[in-house]
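Shown next: input06.cif, containing mmCIF, C-alpha atoms and all ligand atoms.
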```
data_coords
#
loop_
_atom_site.label_atom_id
_atom_site.label_comp_id
_atom_site.auth_asym_id
_atom_site.auth_seq_id
_atom_site.Cartn_x
_atom_site.Cartn_y
_atom_site.Cartn_z
CA MET A 1179 -24.30 1.85 -4.91
CA ILE A 1180 -22.18 -1.16 -3.90
CA PRO A 1181 -18.78 0.45 -3.27
CA TYR A 1182 -15.49 -1.04 -4.46
CA GLY A 1183 -14.27 -1.06 -0.85
CA LYS A 1184 -15.62 -0.15 2.57
CA GLN A 1185 -14.56 -0.23 6.20
CA ASP A 1186 -16.17 -2.56 8.71
CA ILE A 1187 -16.82 -0.97 12.12
CA ASN A 1188 -18.51 -2.99 14.89
CA GLN A 1189 -19.59 -2.22 18.46
CA ASP A 1190 -16.22 -3.35 19.87
CA ASP A 1191 -14.48 -0.76 17.68
CA ILE A 1192 -16.86 1.95 18.90
CA ASP A 1193 -16.39 0.90 22.55
CA ALA A 1194 -12.60 0.93 22.15
CA VAL A 1195 -12.65 4.47 20.76
CA ASN A 1196 -15.12 5.64 23.44
CA PHE A 1197 -12.88 4.24 26.15
CA VAL A 1198 -9.99 6.41 24.98
CA LEU A 1199 -12.22 9.46 24.59
CA LYS A 1200 -13.22 9.18 28.26
CA GLY A 1201 -9.63 8.66 29.44
CA ASP A 1202 -6.75 11.04 30.08
CA PHE A 1203 -4.79 10.64 26.85
CA LEU A 1204 -6.28 11.35 23.45
CA THR A 1205 -2.77 11.26 22.05
CA GLN A 1206 0.69 10.20 23.30
CA GLY A 1207 -0.81 7.70 25.75
CA ASN A 1208 -0.26 3.95 25.71
CA LYS A 1209 -2.53 2.95 22.83
CA VAL A 1210 0.01 3.73 20.10
CA PRO A 1211 2.75 1.48 21.59
CA GLU A 1212 0.09 -1.20 22.14
CA PHE A 1213 -0.98 -1.05 18.48
CA GLU A 1214 2.66 -1.07 17.34
CA GLY A 1215 3.29 -4.16 19.48
CA ILE A 1216 0.29 -5.97 18.00
CA ILE A 1217 1.35 -5.28 14.41
CA SER A 1218 5.04 -6.08 14.95
CA ARG A 1219 4.18 -9.41 16.60
CA TYR A 1220 1.60 -10.18 13.92
CA VAL A 1221 3.90 -9.66 10.94
CA GLY A 1222 7.00 -10.92 12.76
CA VAL A 1223 9.27 -7.87 12.75
CA LYS A 1224 11.37 -6.21 15.44
CA HIS A 1225 10.13 -2.60 15.23
CA ALA A 1226 6.91 -0.87 14.23
CA VAL A 1227 6.42 2.90 14.10
CA ALA A 1228 2.83 4.16 13.88
CA VAL A 1229 2.15 7.44 12.11
CA ASN A 1230 -0.80 9.47 10.85
CA SER A 1231 -0.78 8.01 7.30
CA ALA A 1232 1.11 5.68 4.99
CA THR A 1233 2.15 8.80 3.09
CA SER A 1234 3.93 10.05 6.23
CA ALA A 1235 5.42 6.60 6.78
CA LEU A 1236 6.82 6.58 3.22
CA HIS A 1237 8.27 10.06 3.74
CA ILE A 1238 10.10 9.27 6.99
CA ALA A 1239 11.15 5.85 5.68
CA CYS A 1240 12.89 7.60 2.77
CA LEU A 1241 14.51 10.07 5.18
CA ALA A 1242 15.65 7.26 7.51
CA LEU A 1243 17.42 5.67 4.53
CA GLY A 1244 19.12 8.97 3.81
CA VAL A 1245 17.21 9.96 0.67
CA GLY A 1246 17.93 13.57 -0.24
CA LYS A 1247 18.93 15.95 -2.97
CA GLY A 1248 20.85 14.26 -5.77
CA ASP A 1249 19.30 10.84 -5.08
CA VAL A 1250 16.87 8.93 -7.26
CA VAL A 1251 14.06 6.66 -6.05
CA TRP A 1252 12.45 4.11 -8.35
CA THR A 1253 8.91 2.86 -7.92
CA SER A 1254 6.01 1.35 -9.82
CA PRO A 1255 3.84 3.61 -12.00
CA ILE A 1256 0.75 1.55 -11.14
CA SER A 1257 0.27 2.87 -7.63
CA PHE A 1258 -1.17 5.73 -5.67
CA VAL A 1259 0.85 8.95 -6.12
CA ALA A 1260 2.11 8.73 -2.51
CA SER A 1261 4.50 5.89 -3.48
CA SER A 1262 6.37 8.37 -5.62
CA ASN A 1263 5.69 11.74 -3.95
CA CYS A 1264 7.62 10.60 -0.86
CA ALA A 1265 10.88 10.83 -2.80
CA LEU A 1266 10.05 14.33 -4.05
CA TYR A 1267 9.37 15.49 -0.46
CA CYS A 1268 13.01 14.62 0.28
CA GLY A 1269 14.29 16.65 -2.65
CA ALA A 1270 15.15 13.50 -4.58
CA LYS A 1271 14.12 12.55 -8.11
CA VAL A 1272 11.77 9.77 -9.10
CA ASP A 1273 11.87 7.22 -11.89
CA PHE A 1274 9.47 4.42 -12.80
CA VAL A 1275 10.00 0.73 -13.49
CA ASP A 1276 7.43 -0.92 -15.72
CA ILE A 1277 5.03 -3.53 -14.38
CA ASP A 1278 4.23 -7.12 -15.13
CA TYR A 1279 0.83 -6.96 -16.86
CA GLN A 1280 -0.65 -10.01 -15.14
CA SER A 1281 0.29 -9.36 -11.51
CA SER A 1282 0.36 -5.55 -12.03
CA ASN A 1283 3.39 -5.52 -9.71
CA MET A 1284 6.78 -4.07 -10.57
CA SER A 1285 8.37 -6.40 -13.13
CA VAL A 1286 11.60 -7.87 -11.77
CA ASP A 1287 12.69 -8.36 -15.36
CA ALA A 1288 12.12 -4.72 -16.22
CA LEU A 1289 13.90 -3.70 -13.01
CA GLN A 1290 16.94 -5.81 -13.87
CA LYS A 1291 17.08 -4.49 -17.46
CA LYS A 1292 16.75 -0.90 -16.30
CA LEU A 1293 19.52 -1.38 -13.72
CA GLU A 1294 21.80 -2.92 -16.37
CA LYS A 1295 21.03 -0.16 -18.83
CA HIS A 1296 21.61 2.59 -16.29
CA ARG A 1297 24.88 1.08 -15.10
CA GLU A 1298 26.19 0.61 -18.67
CA ASN A 1299 25.25 4.12 -19.75
CA ASN A 1300 26.26 5.88 -16.56
CA LEU A 1301 22.68 6.95 -15.90
CA PRO A 1302 21.46 7.63 -12.34
CA MET A 1303 21.19 4.52 -10.18
CA PRO A 1304 18.45 4.25 -7.54
CA LYS A 1305 19.19 4.88 -3.87
CA VAL A 1306 15.89 3.26 -2.93
CA VAL A 1307 13.45 1.07 -4.87
CA ILE A 1308 9.83 1.05 -3.66
CA PRO A 1309 7.94 -2.00 -4.91
CA VAL A 1310 4.17 -1.81 -4.35
CA HIS A 1311 2.21 -4.96 -3.46
CA MET A 1312 -0.59 -4.14 -5.82
CA ALA A 1313 -4.07 -5.17 -4.65
CA GLY A 1314 -2.44 -7.09 -1.78
CA TYR A 1315 -0.33 -9.56 -3.77
CA SER A 1316 3.34 -9.45 -2.83
CA CYS A 1317 5.99 -8.56 -5.38
CA ASP A 1318 8.78 -11.07 -5.91
CA MET A 1319 10.76 -9.71 -2.99
CA GLN A 1320 13.49 -12.33 -2.95
CA LYS A 1321 14.54 -11.41 -6.48
CA ILE A 1322 14.25 -7.70 -5.79
CA LYS A 1323 16.47 -8.18 -2.73
CA GLN A 1324 19.06 -10.03 -4.85
CA LEU A 1325 19.16 -7.05 -7.22
CA ALA A 1326 19.35 -4.70 -4.22
CA ASP A 1327 22.47 -6.52 -3.03
CA GLU A 1328 24.00 -6.60 -6.49
CA TYR A 1329 23.34 -2.92 -7.29
CA SER A 1330 23.38 -1.61 -3.70
CA PHE A 1331 20.06 0.10 -3.25
CA PHE A 1332 17.65 0.09 -0.31
CA VAL A 1333 14.15 -1.40 -0.50
CA ILE A 1334 10.96 0.05 0.98
CA GLU A 1335 7.90 -2.16 0.48
CA ASP A 1336 4.75 -0.12 -0.07
CA ALA A 1337 2.40 -2.64 1.54
CA SER A 1338 -0.47 -0.19 1.88
CA HIS A 1339 -2.72 -2.85 0.32
CA ALA A 1340 -1.08 -5.84 1.85
CA ILE A 1341 -1.39 -6.22 5.60
CA GLY A 1342 -2.18 -9.90 6.16
CA ALA A 1343 -0.72 -10.95 2.79
CA ILE A 1344 1.73 -13.84 2.65
CA TYR A 1345 5.04 -14.17 0.80
CA GLN A 1346 7.14 -17.33 1.10
CA ASN A 1347 5.23 -18.49 4.19
CA GLN A 1348 5.83 -15.24 6.04
CA LEU A 1349 3.65 -12.21 6.51
CA VAL A 1350 4.33 -9.13 4.42
CA GLY A 1351 5.96 -6.58 6.72
CA CYS A 1352 8.48 -8.98 8.30
CA CYS A 1353 11.14 -7.21 6.20
CA GLU A 1354 13.02 -10.39 5.37
CA PHE A 1355 13.80 -8.93 1.93
CA SER A 1356 13.52 -5.19 2.58
CA ASP A 1357 14.76 -2.42 4.83
CA ILE A 1358 11.37 -0.97 5.72
CA THR A 1359 7.73 -1.87 4.99
CA VAL A 1360 4.85 0.59 5.05
CA PHE A 1361 1.16 -0.11 5.76
CA SER A 1362 -1.89 2.14 5.35
CA PHE A 1363 -4.96 2.14 7.58
CA HIS A 1364 -7.11 4.40 5.42
CA PRO A 1365 -10.76 3.22 5.54
CA VAL A 1366 -10.64 1.55 2.12
CA LYS A 1367 -7.66 -0.59 3.16
CA ILE A 1368 -7.77 -3.91 5.04
CA ILE A 1369 -7.98 -2.56 8.61
CA THR A 1370 -8.56 1.08 9.46
CA THR A 1371 -7.67 3.80 11.95
CA ALA A 1372 -9.50 6.43 9.82
CA GLU A 1373 -6.22 8.00 8.75
CA GLY A 1374 -3.10 6.13 9.77
CA GLY A 1375 -0.04 4.21 8.74
CA MET A 1376 2.83 2.16 10.08
CA ALA A 1377 6.43 1.52 9.15
CA THR A 1378 8.05 -1.79 10.13
CA THR A 1379 11.75 -2.62 10.16
CA ASN A 1380 14.29 -4.94 11.75
CA ASN A 1381 16.84 -2.12 11.92
CA ALA A 1382 16.89 -0.38 15.33
CA GLY A 1383 18.56 2.71 13.85
CA TYR A 1384 15.91 3.25 11.19
CA ALA A 1385 13.17 2.75 13.79
CA GLU A 1386 14.75 5.31 16.09
CA THR A 1387 15.16 7.86 13.29
CA MET A 1388 11.54 7.38 12.20
CA ARG A 1389 10.30 7.81 15.81
CA LEU A 1390 12.30 11.02 16.02
CA LEU A 1391 11.03 12.32 12.69
CA ARG A 1392 7.37 11.63 13.43
CA SER A 1393 7.53 13.91 16.47
CA HIS A 1394 9.32 17.13 15.45
CA GLY A 1395 12.78 15.58 15.75
CA ILE A 1396 12.48 16.06 19.50
CA GLU A 1397 14.05 13.75 22.07
CA ARG A 1398 13.08 13.45 25.72
CA GLY A 1399 15.34 10.58 26.74
CA ASP A 1400 16.79 10.04 30.23
CA GLN A 1401 19.99 11.83 29.28
CA VAL A 1402 18.09 14.92 28.17
CA GLN A 1403 15.90 14.82 31.28
CA GLN A 1404 18.98 14.94 33.51
CA LYS A 1405 19.35 18.55 32.40
CA GLY A 1406 16.01 19.27 34.09
CA GLY A 1407 12.60 17.64 34.15
CA TRP A 1408 11.25 20.10 31.61
CA CYS A 1409 13.96 19.45 29.07
CA TYR A 1410 13.61 18.27 25.52
CA GLU A 1411 16.01 18.63 22.64
CA GLN A 1412 15.37 18.99 18.96
CA SER A 1413 18.25 17.39 17.09
CA VAL A 1414 16.84 17.11 13.56
CA LEU A 1415 14.03 18.76 11.59
CA GLY A 1416 11.05 16.50 12.12
CA PHE A 1417 7.30 16.68 11.63
CA ASN A 1418 4.11 16.08 13.54
CA TYR A 1419 3.21 12.74 11.97
CA ARG A 1420 1.93 11.16 15.18
CA MET A 1421 -1.01 8.77 15.31
CA THR A 1422 -3.53 9.63 18.04
CA ASP A 1423 -4.60 7.22 20.79
CA ILE A 1424 -8.14 7.40 19.41
CA GLN A 1425 -6.87 6.05 16.09
CA ALA A 1426 -4.59 3.47 17.70
CA ALA A 1427 -7.47 2.17 19.83
CA LEU A 1428 -9.48 1.64 16.66
CA GLY A 1429 -6.47 -0.10 15.13
CA VAL A 1430 -6.05 -2.41 18.13
CA SER A 1431 -9.71 -3.34 17.96
CA GLN A 1432 -9.70 -3.79 14.16
CA SER A 1433 -6.58 -5.94 14.22
CA LYS A 1434 -8.47 -8.54 16.27
CA ARG A 1435 -10.56 -9.18 13.15
CA LEU A 1436 -7.70 -8.97 10.65
CA ASN A 1437 -7.62 -12.70 9.91
CA GLN A 1438 -11.40 -12.75 9.59
CA PHE A 1439 -11.20 -9.80 7.15
CA ILE A 1440 -8.58 -11.55 5.02
CA ASN A 1441 -10.48 -14.85 4.99
CA ARG A 1442 -13.67 -13.16 3.82
CA ARG A 1443 -11.83 -11.22 1.12
CA GLN A 1444 -10.23 -14.45 -0.10
CA GLU A 1445 -13.65 -16.09 -0.16
CA CYS A 1446 -15.02 -13.24 -2.27
CA ALA A 1447 -12.02 -13.40 -4.61
CA LYS A 1448 -12.46 -17.16 -5.03
CA ARG A 1449 -16.10 -16.64 -5.94
CA TYR A 1450 -15.18 -14.04 -8.56
CA PHE A 1451 -12.68 -16.44 -10.14
CA GLU A 1452 -15.40 -19.10 -10.32
CA CYS A 1453 -18.38 -17.02 -11.36
CA LEU A 1454 -16.73 -14.70 -13.91
CA GLN A 1455 -14.63 -17.40 -15.56
CA HIS A 1456 -16.77 -17.58 -18.71
CA LEU A 1457 -16.45 -13.85 -19.48
CA PRO A 1458 -13.96 -12.18 -21.85
CA ILE A 1459 -11.81 -10.70 -19.09
CA ASP A 1460 -8.31 -11.17 -17.70
CA PHE A 1461 -8.00 -12.08 -14.02
CA PRO A 1462 -5.42 -11.46 -11.33
CA PRO A 1463 -2.96 -14.39 -11.06
CA LEU A 1464 -4.70 -17.46 -9.66
CA GLU A 1465 -1.62 -18.20 -7.50
CA ALA A 1466 -2.52 -15.05 -5.57
CA LEU A 1467 -5.72 -16.60 -4.24
CA PRO A 1468 -4.42 -17.93 -0.87
CA LEU A 1469 -1.61 -15.34 -0.56
CA SER A 1470 -3.07 -11.92 -1.36
CA SER A 1471 -4.93 -9.81 1.19
CA TRP A 1472 -7.30 -8.88 -1.68
CA HIS A 1473 -7.52 -5.18 -0.99
CA LEU A 1474 -8.67 -4.88 -4.61
CA PHE A 1475 -10.00 -7.27 -7.22
CA VAL A 1476 -8.91 -5.94 -10.61
CA ILE A 1477 -10.23 -7.45 -13.82
CA LYS A 1478 -9.17 -6.42 -17.30
CA ILE A 1479 -11.86 -5.80 -19.91
CA LEU A 1480 -10.89 -7.46 -23.19
CA ASN A 1481 -13.83 -7.20 -25.57
CA LYS A 1482 -15.17 -3.73 -24.91
CA ASP A 1483 -14.11 -0.23 -24.16
CA ARG A 1484 -13.27 0.07 -20.45
CA ARG A 1485 -14.87 3.52 -20.19
CA GLU A 1486 -18.13 2.16 -21.58
CA ILE A 1487 -18.14 -0.73 -19.07
CA PHE A 1488 -17.20 1.56 -16.20
CA ASP A 1489 -20.08 3.94 -16.98
CA ALA A 1490 -22.56 1.10 -17.55
CA LEU A 1491 -21.72 -0.53 -14.20
CA ARG A 1492 -21.86 2.77 -12.31
CA GLU A 1493 -25.26 3.31 -13.94
CA LYS A 1494 -26.30 -0.06 -12.50
CA GLN A 1495 -25.17 1.01 -9.00
CA ILE A 1496 -21.98 -1.06 -9.01
CA GLY A 1497 -19.24 1.19 -7.59
CA VAL A 1498 -16.40 0.11 -9.84
CA HIS A 1499 -13.17 2.10 -9.88
CA VAL A 1500 -9.82 2.20 -11.67
CA HIS A 1501 -6.52 1.59 -9.84
CA TYR A 1502 -4.43 3.35 -11.00
CA ILE A 1503 -3.73 6.02 -13.58
CA PRO A 1504 0.03 5.57 -14.20
CA ILE A 1505 1.64 8.11 -11.87
CA TYR A 1506 3.80 9.66 -14.59
CA LYS A 1507 0.63 10.66 -16.50
CA GLN A 1508 -0.38 13.07 -13.72
CA PRO A 1509 -0.02 16.69 -14.83
CA TYR A 1510 2.54 17.30 -12.07
CA TYR A 1511 4.72 14.46 -13.34
CA ARG A 1512 4.25 15.42 -16.98
CA GLU A 1513 5.77 18.75 -15.96
CA LEU A 1514 8.77 16.86 -14.58
CA GLY A 1515 9.37 15.55 -18.10
CA PHE A 1516 7.81 12.09 -18.22
CA SER A 1517 6.38 11.19 -21.61
CA GLU A 1518 2.86 9.92 -22.23
CA ASN A 1519 3.81 6.27 -22.87
CA TYR A 1520 6.75 5.97 -20.48
CA CYS A 1521 5.91 2.39 -19.37
CA PRO A 1522 4.18 0.35 -22.11
CA GLU A 1523 2.94 -2.51 -19.89
CA ALA A 1524 1.55 -0.05 -17.37
CA GLU A 1525 -0.30 1.60 -20.27
CA ARG A 1526 -1.67 -1.73 -21.46
CA TYR A 1527 -2.82 -2.55 -17.93
CA TYR A 1528 -4.32 0.89 -17.37
CA SER A 1529 -6.32 0.86 -20.61
CA SER A 1530 -8.37 -2.16 -19.50
CA ALA A 1531 -8.21 -2.38 -15.69
CA LEU A 1532 -11.37 -2.23 -13.61
CA SER A 1533 -11.61 -2.69 -9.82
CA ILE A 1534 -14.80 -4.48 -8.85
CA PRO A 1535 -16.29 -4.43 -5.32
CA ILE A 1536 -14.54 -6.49 -2.65
CA PHE A 1537 -14.76 -5.81 1.09
CA HIS A 1538 -15.30 -7.71 4.30
CA ALA A 1539 -18.94 -6.82 4.81
CA MET A 1540 -19.99 -7.54 1.22
CA THR A 1541 -22.83 -10.06 1.33
CA ASP A 1542 -23.19 -13.01 -1.06
CA TYR A 1543 -26.31 -11.30 -2.35
CA GLN A 1544 -24.37 -8.12 -3.13
CA GLN A 1545 -21.66 -10.14 -4.81
CA ASP A 1546 -24.28 -11.93 -6.94
CA GLN A 1547 -25.55 -8.55 -8.05
CA VAL A 1548 -22.04 -7.50 -9.02
CA ILE A 1549 -21.48 -10.76 -10.93
CA ASN A 1550 -24.81 -10.53 -12.74
CA LYS A 1551 -24.38 -6.90 -13.76
CA ILE A 1552 -20.86 -7.52 -15.04
CA ALA A 1553 -22.15 -10.43 -17.13
CA GLU A 1554 -24.98 -8.23 -18.45
CA VAL A 1555 -22.70 -5.42 -19.63
CA LEU A 1556 -20.01 -7.65 -21.13
CA VAL A 1557 -22.18 -9.75 -23.47
C1 LIG B 1601 -3.48 4.28 0.15
C2 LIG B 1601 -2.12 4.19 -0.37
C3 LIG B 1601 -1.09 5.02 0.07
C4 LIG B 1601 -1.30 6.17 0.99
O1 LIG B 1601 -1.92 5.80 2.17
P1 LIG B 1601 -2.46 6.92 3.18
O2 LIG B 1601 -2.53 6.16 4.47
O3 LIG B 1601 -3.79 7.33 2.66
O4 LIG B 1601 -1.47 8.01 3.21
C5 LIG B 1601 0.19 4.81 -0.42
N1 LIG B 1601 0.43 3.84 -1.32
C6 LIG B 1601 -0.54 3.04 -1.79
C7 LIG B 1601 -0.19 1.97 -2.76
C8 LIG B 1601 -1.84 3.20 -1.34
O5 LIG B 1601 -2.81 2.43 -1.83
#
```

For the file at hand, write its structure as structure tokens.
Amino acid sequence: MIPYGKQDINQDDIDAVNFVLKGDFLTQGNKVPEFEGIISRYVGVKHAVAVNSATSALHIACLALGVGKGDVVWTSPISFVASSNCALYCGAKVDFVDIDYQSSNMSVDALQKKLEKHRENNLPMPKVVIPVHMAGYSCDMQKIKQLADEYSFFVIEDASHAIGAIYQNQLVGCCEFSDITVFSFHPVKIITTAEGGMATTNNAGYAETMRLLRSHGIERGDQVQQKGGWCYEQSVLGFNYRMTDIQAALGVSQSKRLNQFINRRQECAKRYFECLQHLPIDFPPLEALPLSSWHLFVIKILNKDRREIFDALREKQIGVHVHYIPIYKQPYYRELGFSENYCPEAERYYSSALSIPIFHAMTDYQQDQVINKIAEVLV
């Protein structure tokens, strides 16, 4: 089976992990700060806080922005459930903004209309909006930021798909148009630490709060230490969301190949645009080609039933997938009161979307197989 995504581990990665395993610190050593430094310099942001997953990063990002009971967080329904669960962890409520069918990102138009409608009708306004850079293509952050200023909400970018992606000549994660950005290093994403995530921000206060929250809410600063060398103080209720040095070492090593990973993914995407052009499918936006990190390549099946094509391709050993089931359709969210067709464009997208294989180590031969099998099942 050719998978839809796959990590790429080389001997340098293995050596880097082995080096940590033979050293004194498996966790809380110097590899985590080193990895944070690499990512913050790479994306061009002041602070980076590494944690054990993007899910954890989203949770403490919400907490750092003060999300709690009585608040509402808005996100995109076409995302992984973590984009929305993070608000529920904080005791807040969640609402969904419909997507733009072509880019599959949160529609700025829909966001604006929803904000207007909620303000006019005295409905709950969002404390935080979490746009998701679907498949690695950035949302229109400048416009979202304008709305954030007008309606006073915070912005967390869920860039789990989008490390290495470009928006307005800057790297996603620089937080020019957001308060905090979150990356995932799960093995299917662009670079991996097995499990792992990172939050970036230009706000020193948010960074400090997130550092505190990832480690039990415990401080061991100089002032605390003056009370005795053994002293630490828990000031808030935190978690153990720390990344280990083993993971960070893998991240440091992987990040050396980040540009190479992105270039190869863009090459693969370009080839799909060229070689599938004649088929009855909808493509991601062509403008995304040099900008997206191409975590996913999602086509939309126009002439046949998506389920039939999915099954036929799996049968032919092509590991296609579907990203994503609209979050509000999950049984847990149905229970919260969301109706079956809450976001019509998300529904339209979901009924035809199919993720086809794209990953750094995919060979041209493998890609030819994917292209040929797709052509076979669609005619
Ligand atoms: C993968 C993913 C997450 C969660 O990442 P983890 O590191 O697995 O917790 C969150 N949001 C989106 C959009 C994702 O794709």

Size and centre in Å, one decimal, axis-aligned box, all listed ligand LIG 1601 (chain B) atoms plus 6 Å per side, as AutoDock Vina command-line options:
```
--center_x -1.7 --center_y 5.0 --center_z 0.9 --size_x 16.2 --size_y 18.0 --size_z 19.2
```

Which residue of A:Phe1461, A:Tyr1279, A:Tyr1267, A:Tyr1502 approaches ligand LIG 1601 (chain B) most closely, using only C-alpha atoms and all ligand atoms: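 Nearest to ligand LIG 1601 (chain B): A:Tyr1502.
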
Could the residues of chain A that have an atom at most 8 Å from ligand LIG 1601 (chain B) be listed as CSV, each with its closest atom pair and the distance in Å to one decimal, counting all atoms listed in the file and ordered by chain and ascending residue number?
```
residue,atom,partner,partner_atom,distance
A:Asn1230,CA,B:LIG1601,O2,7.4
A:Ser1231,CA,B:LIG1601,O2,3.8
A:Ala1232,CA,B:LIG1601,O2,3.7
A:Thr1233,CA,B:LIG1601,O4,3.7
A:Ser1234,CA,B:LIG1601,O4,6.5
A:Ala1235,CA,B:LIG1601,O4,7.9
A:Leu1236,CA,B:LIG1601,C5,7.8
A:Ser1257,CA,B:LIG1601,C7,5.0
A:Phe1258,CA,B:LIG1601,C6,4.8
A:Val1259,CA,B:LIG1601,N1,7.0
A:Ala1260,CA,B:LIG1601,C5,4.8
A:Ser1261,CA,B:LIG1601,N1,5.0
A:Val1310,CA,B:LIG1601,C7,6.0
A:His1311,CA,B:LIG1601,C7,7.4
A:Met1312,CA,B:LIG1601,C7,6.8
A:Asp1336,CA,B:LIG1601,N1,6.0
A:Ala1337,CA,B:LIG1601,C7,6.8
A:Ser1338,CA,B:LIG1601,C8,4.9
A:His1339,CA,B:LIG1601,O5,5.7
A:Phe1361,CA,B:LIG1601,O2,7.4
A:Ser1362,CA,B:LIG1601,O2,4.2
A:Phe1363,CA,B:LIG1601,O2,5.6
A:His1364,CA,B:LIG1601,O2,5.0
A:Val1366,CA,B:LIG1601,C1,7.9
A:Lys1367,CA,B:LIG1601,C1,7.1
A:Glu1373,CA,B:LIG1601,O2,5.9
A:Gly1374,CA,B:LIG1601,O2,5.3
A:Gly1375,CA,B:LIG1601,O2,5.3
```

A:Trp1408, A:Tyr1511, A:Trp1252, A:Phe1274: which is nearest Glu1335 in chain A, counting all atoms listed in the file?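 Closest to Glu1335 in chain A of all the choices is A:Trp1252.
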
Closest to Ala1377 in chain A among A:Lys1405, A:Lys1494, A:Lys1224, A:Lys1321, using all atoms listed in the file? A:Lys1224

Can you tell me which residues surround range 1545-1547 of chain A at a distance of at most 10 Å, considering only C-alpha atoms, apart from same-chain residues fewer than 2 positions away, and format the answer as JSON, numbers by chain? {"A": [1180, 1446, 1449, 1450, 1453, 1494, 1495, 1496, 1534, 1535, 1536, 1540, 1541, 1542, 1543, 1549, 1550, 1551, 1552, 1553]}

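For the residues A:Lys1482, A:Phe1355, A:Gly1406, A:Ala1340, ranking by smallest atom-to-atom distance to Gln1324 in chain A using all atoms listed in the file places A:Phe1355 first.
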
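Omitting range 1484-1487 of chain A and its sequence neighbours fewer than 2 positions away, and counting only C-alpha atoms, the residues within 8 Å are A:Ile1479, A:Lys1482, A:Asp1489, A:Ala1490, A:Leu1491, A:Ser1529, A:Ser1530, A:Ala1531, A:Leu1532, A:Val1555, A:Leu1556.
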
Excluding same-chain residues fewer than 6 positions from Val1557 in chain A, what lies within 10 Å of it counting all atoms listed in the file, as a VMD selection string? chain A and resid 1457 to 1458 1481 to 1482

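CA of Ile1217 in chain A is found 11.1 Å from CA of Val1350 in chain A.
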
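Residues in contact range of Val1210 in chain A, defined as at most 7 Å between all atoms listed in the file, with sequence neighbours fewer than 4 positions away removed, read Glu1214, Ala1228, Asp1423 and Ala1426 of chain A.
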
Go ahead and write the selection's residues with C-alpha atoms as a PDB file, in the coordinates of the input.
```pdb
ATOM      1  CA  GLU A1214       2.660  -1.070  17.340  1.00  0.00           C
ATOM      2  CA  ALA A1228       2.830   4.160  13.880  1.00  0.00           C
ATOM      3  CA  ASP A1423      -4.600   7.220  20.790  1.00  0.00           C
ATOM      4  CA  ALA A1426      -4.590   3.470  17.700  1.00  0.00           C
TER       5      ALA A1426
END
```

Residue with smallest distance to Phe1417 in chain A - pool A:Leu1241, A:His1225, A:Asn1380, A:Pro1365, counting all atoms listed in the file: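 That would be A:Leu1241, the residue with the smallest distance to Phe1417 in chain A.
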
For a quick check of understanding, using all atoms listed in the file, which of A:Cys1264, A:Ala1385, A:Leu1428, A:Ile1477 has the smallest distance to Ala1447 in chain A? A:Ile1477

Within 9 Å of Val1250 in chain A, counting all atoms listed in the file, which residues qualify if same-chain residues fewer than 4 places away don't, as an MDAnalysis selection string? chainID A and resid 1245:1246 1265 1270:1273 1302:1307

Atom-to-atom span, CA of Pro1509 in chain A and CA of Ser1262 in chain A, Å: 14.0 Å

Please rebuild range 1510-1519 of chain A with N, CA and C atoms and return the result as a PDB file, in the coordinates of the input.
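Result saved to part39.pdb:
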```
ATOM      1  N   TYR A1510       1.345  16.898 -12.822  1.00  0.00           N
ATOM      2  CA  TYR A1510       2.540  17.300 -12.070  1.00  0.00           C
ATOM      3  C   TYR A1510       3.775  16.552 -12.566  1.00  0.00           C
ATOM      4  N   TYR A1511       3.588  15.286 -12.876  1.00  0.00           N
ATOM      5  CA  TYR A1511       4.720  14.460 -13.340  1.00  0.00           C
ATOM      6  C   TYR A1511       5.038  14.715 -14.803  1.00  0.00           C
ATOM      7  N   ARG A1512       4.013  15.023 -15.582  1.00  0.00           N
ATOM      8  CA  ARG A1512       4.250  15.420 -16.980  1.00  0.00           C
ATOM      9  C   ARG A1512       5.182  16.625 -17.016  1.00  0.00           C
ATOM     10  N   GLU A1513       4.929  17.549 -16.088  1.00  0.00           N
ATOM     11  CA  GLU A1513       5.770  18.750 -15.960  1.00  0.00           C
ATOM     12  C   GLU A1513       7.223  18.388 -15.662  1.00  0.00           C
ATOM     13  N   LEU A1514       7.408  17.284 -14.932  1.00  0.00           N
ATOM     14  CA  LEU A1514       8.770  16.860 -14.580  1.00  0.00           C
ATOM     15  C   LEU A1514       9.482  16.220 -15.778  1.00  0.00           C
ATOM     16  N   GLY A1515       8.727  15.998 -16.861  1.00  0.00           N
ATOM     17  CA  GLY A1515       9.370  15.550 -18.100  1.00  0.00           C
ATOM     18  C   GLY A1515       9.055  14.127 -18.515  1.00  0.00           C
ATOM     19  N   PHE A1516       8.138  13.457 -17.814  1.00  0.00           N
ATOM     20  CA  PHE A1516       7.810  12.090 -18.220  1.00  0.00           C
ATOM     21  C   PHE A1516       6.890  12.100 -19.447  1.00  0.00           C
ATOM     22  N   SER A1517       7.178  11.218 -20.382  1.00  0.00           N
ATOM     23  CA  SER A1517       6.380  11.190 -21.610  1.00  0.00           C
ATOM     24  C   SER A1517       5.133  10.343 -21.422  1.00  0.00           C
ATOM     25  N   GLU A1518       4.201  10.517 -22.324  1.00  0.00           N
ATOM     26  CA  GLU A1518       2.860   9.920 -22.230  1.00  0.00           C
ATOM     27  C   GLU A1518       2.881   8.392 -22.129  1.00  0.00           C
ATOM     28  N   ASN A1519       3.782   7.740 -22.855  1.00  0.00           N
ATOM     29  CA  ASN A1519       3.810   6.270 -22.870  1.00  0.00           C
ATOM     30  C   ASN A1519       5.065   5.701 -22.214  1.00  0.00           C
TER      31      ASN A1519
END
```
